[in-house]
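Engineer: A single structure is presented below for examination.
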Amino acid sequence: MKMRNLIRYIAIFVLLLVTACQNGMDEVGDGVSLSLKLATSQLTRGAVTDYPSDSSKWSQAERAVDGRFLYNVSVYIVDNKGQIVARQENISVDGQVAETVVEFDHTYNIKRGIYTIMAVANNKSYSVDNTTYQSGLLSGWASQNYESLMGNQIAGNSYNISSKSVIQPLSMMKEVELHAGNNMIEGELVRTFARLRIEVKNNSGNLPLKINSLTFSQNFTQKKAYVFDDGTERKYFGEKGAPSSTSNTALQPFVGDNGSAKTIDAQTSAVVFDSYLLESKANSGEPYQYTLDMAYDYTATTVVFSKSNESAVTKVDNIVNGGYYLIQNQNGNNLYLSGGDDKVETASLNNNDLKSVRASNVWIVTKNNKNIYLQNVESGLYMQAPTNNSVPLGNNAVAFTDDYYSNYLSMKSNNMYIGVNNYDVVGYRNTGNSRRFYFYRVTKNESSGAGQIKYNTPIVLTSIDPVSQQSTKVTAIKRNDFINVLITVSYNPQSGEFDFYVEDWHTGGGDVEFN
C-alpha cells in the first residue's frame, strides 16, 4: 500500500514537471530570432576588369562605387500588412568585406509568419551627391509603412548615368517564412544600376579605325528608378532620353584624341564606353540601339584598262610576253572571252565599253616558244584544256598552241580548240569560224588618291538567353545587368565594305562568354 502511494506521488510529480516544461517551451517557442547573412552578388565581385587586380590598391571610391564591398547595411522586416515590424539601420561593416551577418534576437518581438526582408547597403556612411541622386534618397525612413520604402527613388546624373565617384546603393527584397526559434537566411545584395561596357576591336590588317561619335537611342534610359525591385512594372518610369556617351560621370566616357575622333590602331582594341546606367524598359517593346560613327581612311589606287589603238594580233610571235589583252571571237556579235567563277564565259562589249574595260575581261598572256598561257586579271585563274561542255578555269597554267593562220589566232590544248557556241565557250575537235580569235592589246593606267569608307548604321542591342541560347533583341535593361559588348570591325578591300561582327551578351547577371 505504501509502495502504491509512492508510485502515485511520483507519477503526479512527473506530470506536473512535464506540464511546467511545456508551458515554459510555449512561452519561449513563440519567439523568433533571425540570423541574416547578406553578401554582394558574384557579379559585383567579378565584373570589373579595369581596376587593379590587387584590391588593396583600389581607392575607397572604386571599391564602393563598384559594389564589391559592404560599408554599412540597413535591414527592414515588413509584415503582410505592409508594416515595418523590425529594423536595424546604418550598421557599420568593418574590414571591407563582401558579406556580413545581421542578427535579430527575441527582443525585437518578431512573431512567426510570412515577411518581406528589405535590405540596402552603402547608403549613409558617405555623403550622397545631390546632383547625382535625389535629395533625401535613402533617408527619412522613420515611417512604419512599407510603401515609404518602395517609394524611394534613385536618379541618374546625365539622365541615367551614375557618377563614378558616388557610392552605388545595393539592395535586396526577399519574401521569407520565419519559424519559432532561430532562423538562418541568406540574401544577395545587387546593384540598383546596370552596367554597359562597349569595346571595339580593329581587326584591319594595317588601317587605323576612326570613331567619330557614339550615340544611343532615346528609349535607352530613364531618369530615375526605384531602389527596391518588387518584380512589378512600377519600377520603370515613362521618362525617356538618350544618355550622353561623353559624360564625365561615366567610368569610361567616349573621348576622342585631341578633340577629334577616337583612333584604334590596327589589330588592337579599346573600351570606348563604360558606365553604370539605371534600369529601364521600353514601353512598346522597341529594341535599344546604339550608333558608332566609324571610318577607315586609306589611299585608293584606281586601275583603268582600255583597248589600245594597235591592230589585232594574229600571230604568237607578235604577242608581248606578259602583256594585257582582249580576246575577241571572229564570229561577230562583239563577243569577248571573260573570266567567270569557275569557267570562261563571254561578254558583249561595244566601243564605249572598250574605253574602260572590266578586269574580268582582260587576260595576261605569257608565252614560251610557241606556247601561250592565258590568265584572267580579276580572278588570277588560268584557262584550262577545253571540254565538250566548257573551258574551265584553274590555278595551274595550261599551254595552248596555235595553227598559225594568217589572219587570226586559234587556241588548242589536249587536241581541242576553244570556241564559242552562241554565247557559251566550249571545246571543239576541229577549227572553224567560231574557233578563231583576235587579240587586242590593252593599256593599264593606275592613279592614287585618298579615300574613306564609313559606317554609321544603328546597331540593335541583342542578348543570348542562358537557357534557350537564342539571340533576341533587348527591350529591358535590368538592375545588376553587366552588358558587355564586343564589336569586331575590319575593312574588306575586295568588297570595299566594312566587315562587322557584334558578340551578343548573355542575360541574367552578366555571365559573358565570347565565342
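For the C-alpha cells, the naming scheme is as follows: chains receive sequential letters (A, B, ...) according to their order of presentation, residues are indexed from 1 within each chain, and ligands are indexed from 1 in presentation order.
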Given only C-alpha atoms, how would the per-residue table for range 438-501 of chain A near range 326-349 of chain A read, listing every residue at most 8 Å away with its closest atom pair and distance in Å to one decimal, sorted by chain and number, as CSV?

Structural biologist:
residue,atom,partner,partner_atom,distance
A:Tyr438,CA,A:Gln328,CA,5.1
A:Phe439,CA,A:Ile327,CA,4.8
A:Tyr440,CA,A:Leu326,CA,5.0
A:Arg441,CA,A:Leu326,CA,6.5
A:Val442,CA,A:Leu326,CA,6.6

Engineer: Give me, as a PyMOL selection string, all polymer residues having an atom no more than 8 Å from range 206-217 of chain A, counting only C-alpha atoms and skipping those fewer than 5 positions away in the same chain.

Structural biologist: chain A and resi 241-245+254+256+260-267+288-298

Engineer: Enter the distance from CA of Val85 in chain A to CA of Ser35 in chain A, in Å, rounded to one decimal.

Structural biologist: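 A separation of 15.9 Å between them.
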
Engineer: My list of candidates is A:Asn80, A:Lys367, A:Val32, A:Tyr71. Which is closest to Thr107 in chain A when distances are computed with only C-alpha atoms?

Structural biologist: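 Among A:Asn80, A:Lys367, A:Val32, A:Tyr71, it is A:Val32 that comes nearest to Thr107 in chain A.
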
Engineer: Mind pulling up the distance from CA of Asn72 in chain A to CA of Val93 in chain A?

Structural biologist: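 Taking CA of Val93 in chain A and CA of Asn72 in chain A, their separation equals 5.2 Å.
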
Engineer: Write out as a VMD selection string the residues lying within 8 Å of range 376-390 of chain A, counting only C-alpha atoms and excluding same-chain residues fewer than 2 positions away.

Structural biologist: chain A and resid 338 to 339 343 to 344 359 to 364 373 to 374 392 to 398 412 to 414 416 to 418 424 to 428

Engineer: Restricted to N, CA and C atoms, what would the selected residues look like written as a CSV table (one decimal), in the first residue's frame?

Structural biologist:
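Once written, again.csv looks like this:
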chain,number,residue,atom,x,y,z
A,338,SER,N,35.7,36.1,-121.3
A,338,SER,CA,35.6,36.8,-119.9
A,338,SER,C,35.8,35.7,-118.9
A,339,GLY,N,36.4,36.0,-117.8
A,339,GLY,CA,36.5,35.1,-116.7
A,339,GLY,C,35.3,35.0,-115.8
A,343,LYS,N,34.7,29.1,-114.9
A,343,LYS,CA,34.9,28.7,-116.3
A,343,LYS,C,34.9,30.0,-117.1
A,344,VAL,N,35.4,29.9,-118.4
A,344,VAL,CA,35.4,31.0,-119.3
A,344,VAL,C,34.0,31.3,-119.8
A,359,ALA,N,38.2,44.2,-115.3
A,359,ALA,CA,39.3,43.3,-115.2
A,359,ALA,C,39.0,41.9,-115.5
A,360,SER,N,37.7,41.5,-115.4
A,360,SER,CA,37.3,40.1,-115.7
A,360,SER,C,37.4,39.8,-117.2
A,361,ASN,N,37.4,40.9,-118.0
A,361,ASN,CA,37.5,40.7,-119.5
A,361,ASN,C,38.9,40.8,-120.0
A,362,VAL,N,39.9,41.0,-119.2
A,362,VAL,CA,41.3,41.2,-119.6
A,362,VAL,C,42.1,40.0,-119.2
A,363,TRP,N,43.0,39.6,-120.1
A,363,TRP,CA,43.8,38.4,-119.9
A,363,TRP,C,45.3,38.8,-120.0
A,364,ILE,N,46.1,38.2,-119.1
A,364,ILE,CA,47.6,38.3,-119.2
A,364,ILE,C,48.1,37.1,-120.0
A,373,TYR,N,50.0,31.1,-122.5
A,373,TYR,CA,49.3,30.8,-121.2
A,373,TYR,C,48.4,32.0,-120.9
A,374,LEU,N,47.1,31.7,-120.6
A,374,LEU,CA,46.1,32.8,-120.5
A,374,LEU,C,45.6,32.9,-119.1
A,392,PRO,N,37.2,25.3,-118.5
A,392,PRO,CA,37.3,25.6,-117.1
A,392,PRO,C,38.4,26.6,-116.8
A,393,LEU,N,38.4,27.1,-115.6
A,393,LEU,CA,39.4,28.0,-115.0
A,393,LEU,C,40.1,27.2,-113.9
A,394,GLY,N,41.4,27.4,-113.7
A,394,GLY,CA,42.0,26.7,-112.6
A,394,GLY,C,43.3,27.4,-112.2
A,395,ASN,N,43.9,26.9,-111.2
A,395,ASN,CA,45.1,27.5,-110.6
A,395,ASN,C,46.4,27.2,-111.4
A,396,ASN,N,46.4,26.2,-112.2
A,396,ASN,CA,47.6,25.8,-112.9
A,396,ASN,C,47.6,26.3,-114.3
A,397,ALA,N,48.8,26.8,-114.7
A,397,ALA,CA,48.9,27.4,-116.1
A,397,ALA,C,48.9,26.2,-117.1
A,398,VAL,N,48.1,26.3,-118.1
A,398,VAL,CA,48.0,25.3,-119.2
A,398,VAL,C,48.4,25.9,-120.5
A,412,LYS,N,44.6,25.8,-129.0
A,412,LYS,CA,44.3,24.4,-128.9
A,412,LYS,C,45.1,23.8,-127.7
A,413,SER,N,44.4,22.9,-127.0
A,413,SER,CA,45.1,22.2,-125.9
A,413,SER,C,44.4,20.9,-125.7
A,414,ASN,N,45.2,19.8,-125.6
A,414,ASN,CA,44.7,18.5,-125.5
A,414,ASN,C,43.8,18.1,-126.7
A,416,MET,N,41.9,19.9,-128.5
A,416,MET,CA,40.6,20.5,-128.6
A,416,MET,C,40.8,22.0,-128.7
A,417,TYR,N,40.0,22.7,-129.6
A,417,TYR,CA,40.1,24.1,-129.8
A,417,TYR,C,39.1,24.8,-128.9
A,418,ILE,N,39.5,26.0,-128.4
A,418,ILE,CA,38.5,26.9,-127.7
A,418,ILE,C,37.6,27.5,-128.8
A,424,ASP,N,28.1,30.5,-125.3
A,424,ASP,CA,28.8,29.6,-124.4
A,424,ASP,C,30.2,29.3,-125.0
A,425,VAL,N,31.2,29.2,-124.1
A,425,VAL,CA,32.6,28.9,-124.5
A,425,VAL,C,32.8,27.4,-124.3
A,426,VAL,N,33.1,26.7,-125.3
A,426,VAL,CA,33.2,25.2,-125.3
A,426,VAL,C,34.4,24.7,-126.1
A,427,GLY,N,34.7,23.4,-126.1
A,427,GLY,CA,35.8,22.9,-126.9
A,427,GLY,C,35.3,22.2,-128.1
A,428,TYR,N,36.1,22.2,-129.2
A,428,TYR,CA,35.8,21.6,-130.5
A,428,TYR,C,37.0,20.8,-130.9

Engineer: Can you tell me, as a PyMOL selection string, what residues are no more than 9 Å from Glu446 in chain A when counting only C-alpha atoms, ignoring any on the same chain fewer than 5 positions away?

Structural biologist: chain A and resi 301-305

Engineer: Quick one: write out the picked residues with C-alpha atoms as a tab-separated table (two decimals), in the first residue's frame?

Structural biologist:
chain	number	residue	atom	x	y	z
A	301	THR	CA	44.58	53.03	-106.17
A	302	THR	CA	42.37	53.22	-109.25
A	303	VAL	CA	43.21	50.95	-112.20
A	304	VAL	CA	41.70	51.56	-115.65
A	305	PHE	CA	42.08	49.08	-118.51

Engineer: For CA of Thr116 in chain A and CA of Asn283 in chain A, quote the distance in Å rounded to one decimal.

Structural biologist: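 About the pair CA of Thr116 in chain A and CA of Asn283 in chain A: they are 28.3 Å apart.
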
Engineer: Considering only strand (DSSP E or B) as DSSP defines it on the backbone, what residues of range 166-403 of chain A qualify? List them as an NGL selection string.

Structural biologist: :A and (170-178 or 181-191 or 193-202 or 209-216 or 224-226 or 252 or 262-264 or 268-278 or 280-281 or 289-307 or 313 or 323-329 or 335-339 or 343-348 or 357 or 363-368 or 371-376 or 382-383 or 392-394 or 400-401)

Engineer: Nearest to Ala119 in chain A among A:Thr472, A:Thr40, A:Gln96, A:Gln83, with distances taken over only C-alpha atoms: which residue is it?

Structural biologist: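 Closest to Ala119 in chain A of all the choices is A:Thr40.
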